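Take a look at the structure below.
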Amino acid sequence: LDMTAAPPRRSEAALTLPDVHLFEDMPNKRKSAIGEGSKLIVRVLSARKLGKKDTGWLASSPNPFVLLTLGKQEKKTPVVYGSVEPVWETDNSFTLKVPSTGKSILNIEVFSANRLFANDSLGRASVEISTLTPNQTLPRKLKLKKEGGGGGEVELELQLKGSANRAFSPPGSPASLASAKSSPAFRPSPQHRW
């Protein structure tokens, strides 16, 4: 055995770590800190570049309104008549209950109100609730997707409110520290100064 020989070199492939997917084995759990009793506050601000309702000599400006859907809950803005760039200033804030299990998606669809026929879809978008940061108001501009292209965009403010799911609060995170401080068993020692 030669002790002066250099140790064998490891290949870079041997040093590479495999991909880790923490939540793959947890089909009914959330990735975010959404807990029981959480609510989503949605404020619909405006839409842009909605385009005409029809084409050719039948073309007319749409009469847009926004329909929000979360599970079985539906909320609707008032209609803004004859506008391709509507702005909602009243009756545009909605509170929706967020389920604490399963995947929750907020669906947003802009329609043109039609008194004689079915309302025409001008485009749709969606937001996965687990991607939102709790207790922060987040402005979002979402591209509307429409069959045949086009669709424009819708502007919203989203705020996720409610209790954090302690099972997903990493140690040292603001949610876990707040939980520890509010615990009756928590007594800070002199070296712990908040």
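Labels for the structure tokens follow display order: chains A, B, ..., residues from 1 in each chain, ligands from 1.
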Residues of range 60-165 of chain A that have any atom at most 7 Å from an atom of range 36-55 of chain A: could you tabulate them with the shortest-distance atom pair and the distance in Å to one decimal, using only C-alpha atoms, ordered by chain and increasing number, as a Markdown table?
```
| residue | atom | partner | partner_atom | distance |
| --- | --- | --- | --- | --- |
| A:Ser60 | CA | A:Lys52 | CA | 5.7 |
| A:Ser61 | CA | A:Lys52 | CA | 5.1 |
| A:Pro62 | CA | A:Lys53 | CA | 5.2 |
| A:Val84 | CA | A:Leu50 | CA | 5.0 |
| A:Glu85 | CA | A:Arg48 | CA | 4.5 |
| A:Pro86 | CA | A:Ala47 | CA | 5.6 |
| A:Val87 | CA | A:Ser46 | CA | 4.3 |
| A:Trp88 | CA | A:Leu45 | CA | 5.3 |
| A:Glu89 | CA | A:Leu45 | CA | 7.0 |
| A:Asn92 | CA | A:Val44 | CA | 5.3 |
| A:Ser93 | CA | A:Arg43 | CA | 4.2 |
| A:Phe94 | CA | A:Val42 | CA | 5.2 |
| A:Thr95 | CA | A:Ile41 | CA | 4.5 |
| A:Leu96 | CA | A:Leu40 | CA | 5.1 |
| A:Lys97 | CA | A:Lys39 | CA | 4.6 |
| A:Val98 | CA | A:Lys39 | CA | 5.3 |
| A:Ser100 | CA | A:Glu36 | CA | 5.3 |
| A:Leu122 | CA | A:Leu50 | CA | 6.6 |
| A:Gly151 | CA | A:Leu50 | CA | 5.7 |
| A:Gly152 | CA | A:Lys49 | CA | 4.5 |
| A:Glu153 | CA | A:Arg48 | CA | 5.4 |
| A:Val154 | CA | A:Ala47 | CA | 4.2 |
| A:Glu155 | CA | A:Ser46 | CA | 5.2 |
| A:Leu156 | CA | A:Val44 | CA | 4.6 |
| A:Glu157 | CA | A:Arg43 | CA | 5.1 |
| A:Leu158 | CA | A:Val42 | CA | 4.8 |
| A:Gln159 | CA | A:Ile41 | CA | 5.1 |
| A:Leu160 | CA | A:Leu40 | CA | 4.6 |
| A:Lys161 | CA | A:Lys39 | CA | 5.1 |
| A:Gly162 | CA | A:Ser38 | CA | 4.0 |
| A:Ser163 | CA | A:Ser38 | CA | 6.0 |
```
I'd like the neighbourhood of Leu106 in chain A as a short mmCIF file (atom, residue, chain, number, x, y, z; two decimals) with N, CA and C atoms, in the first residue's frame, where a residue qualifies if any of its atoms comes within 7 Å (using only C-alpha atoms), though same-chain residues fewer than 3 positions away should be ignored.
```
data_model
loop_
_atom_site.label_atom_id
_atom_site.label_comp_id
_atom_site.auth_asym_id
_atom_site.auth_seq_id
_atom_site.Cartn_x
_atom_site.Cartn_y
_atom_site.Cartn_z
N LEU A 68 -65.20 36.26 -10.41
CA LEU A 68 -64.18 35.57 -9.63
C LEU A 68 -64.79 34.27 -9.10
N THR A 69 -64.05 33.17 -9.20
CA THR A 69 -64.53 31.89 -8.71
C THR A 69 -63.43 31.22 -7.90
N LEU A 70 -63.79 30.79 -6.69
CA LEU A 70 -62.89 30.04 -5.83
C LEU A 70 -63.70 28.90 -5.24
N SER A 126 -55.88 32.67 -14.01
CA SER A 126 -56.03 32.02 -12.71
C SER A 126 -54.79 32.26 -11.86
N VAL A 127 -54.99 32.15 -10.54
CA VAL A 127 -53.90 32.31 -9.57
C VAL A 127 -53.99 31.17 -8.58
N GLU A 128 -52.89 30.45 -8.39
CA GLU A 128 -52.85 29.41 -7.37
C GLU A 128 -52.62 30.10 -6.02
N ILE A 129 -53.54 29.89 -5.08
CA ILE A 129 -53.51 30.59 -3.81
C ILE A 129 -52.22 30.30 -3.04
#
```
Calculate how many Å separate CA of Pro64 in chain A from CA of Ile105 in chain A, rounding to one decimal. 22.2 Å
Report, in Å with one decimal, the straight-line distance from CA of Phe117 in chain A to CA of Tyr81 in chain A. 16.1 Å
Leaving out Phe65 in chain A and any residue of its chain fewer than 3 positions from it, which residues lie within 8 Å of it when counting only C-alpha atoms, given as a list in words? Lys76, Thr77, Pro78, Val79, Val80, Val110, Phe111, Ser112 and Ala113 of chain A
Preceding selection exported with N, CA, C and O atoms as a PDB file, in the first residue's frame:
```pdb
ATOM      1  N   LYS A  76     -68.904  38.900  -8.404  1.00  0.00           N
ATOM      2  CA  LYS A  76     -68.982  39.576  -9.697  1.00  0.00           C
ATOM      3  C   LYS A  76     -68.925  41.098  -9.510  1.00  0.00           C
ATOM      4  O   LYS A  76     -69.563  41.634  -8.609  1.00  0.00           O
ATOM      5  N   THR A  77     -68.153  41.755 -10.378  1.00  0.00           N
ATOM      6  CA  THR A  77     -68.098  43.225 -10.373  1.00  0.00           C
ATOM      7  C   THR A  77     -69.312  43.772 -11.111  1.00  0.00           C
ATOM      8  O   THR A  77     -69.961  43.048 -11.875  1.00  0.00           O
ATOM      9  N   PRO A  78     -69.587  45.060 -10.954  1.00  0.00           N
ATOM     10  CA  PRO A  78     -70.622  45.677 -11.788  1.00  0.00           C
ATOM     11  C   PRO A  78     -70.169  45.741 -13.251  1.00  0.00           C
ATOM     12  O   PRO A  78     -68.973  45.658 -13.553  1.00  0.00           O
ATOM     13  N   VAL A  79     -71.112  45.903 -14.147  1.00  0.00           N
ATOM     14  CA  VAL A  79     -70.828  46.043 -15.579  1.00  0.00           C
ATOM     15  C   VAL A  79     -70.389  47.479 -15.861  1.00  0.00           C
ATOM     16  O   VAL A  79     -70.964  48.428 -15.339  1.00  0.00           O
ATOM     17  N   VAL A  80     -69.333  47.621 -16.678  1.00  0.00           N
ATOM     18  CA  VAL A  80     -68.915  48.933 -17.175  1.00  0.00           C
ATOM     19  C   VAL A  80     -69.307  48.944 -18.648  1.00  0.00           C
ATOM     20  O   VAL A  80     -68.749  48.205 -19.447  1.00  0.00           O
ATOM     21  N   VAL A 110     -63.193  37.569 -17.499  1.00  0.00           N
ATOM     22  CA  VAL A 110     -63.819  38.827 -17.899  1.00  0.00           C
ATOM     23  C   VAL A 110     -64.844  38.497 -18.976  1.00  0.00           C
ATOM     24  O   VAL A 110     -64.545  37.809 -19.950  1.00  0.00           O
ATOM     25  N   PHE A 111     -66.065  38.980 -18.763  1.00  0.00           N
ATOM     26  CA  PHE A 111     -67.164  38.771 -19.694  1.00  0.00           C
ATOM     27  C   PHE A 111     -67.652  40.100 -20.234  1.00  0.00           C
ATOM     28  O   PHE A 111     -67.467  41.141 -19.612  1.00  0.00           O
ATOM     29  N   SER A 112     -68.320  40.040 -21.372  1.00  0.00           N
ATOM     30  CA  SER A 112     -69.079  41.174 -21.883  1.00  0.00           C
ATOM     31  C   SER A 112     -70.550  40.843 -21.653  1.00  0.00           C
ATOM     32  O   SER A 112     -71.043  39.817 -22.120  1.00  0.00           O
ATOM     33  N   ALA A 113     -71.222  41.702 -20.894  1.00  0.00           N
ATOM     34  CA  ALA A 113     -72.638  41.481 -20.591  1.00  0.00           C
ATOM     35  C   ALA A 113     -73.457  41.598 -21.864  1.00  0.00           C
ATOM     36  O   ALA A 113     -73.243  42.483 -22.688  1.00  0.00           O
TER      37      ALA A 113
END
```
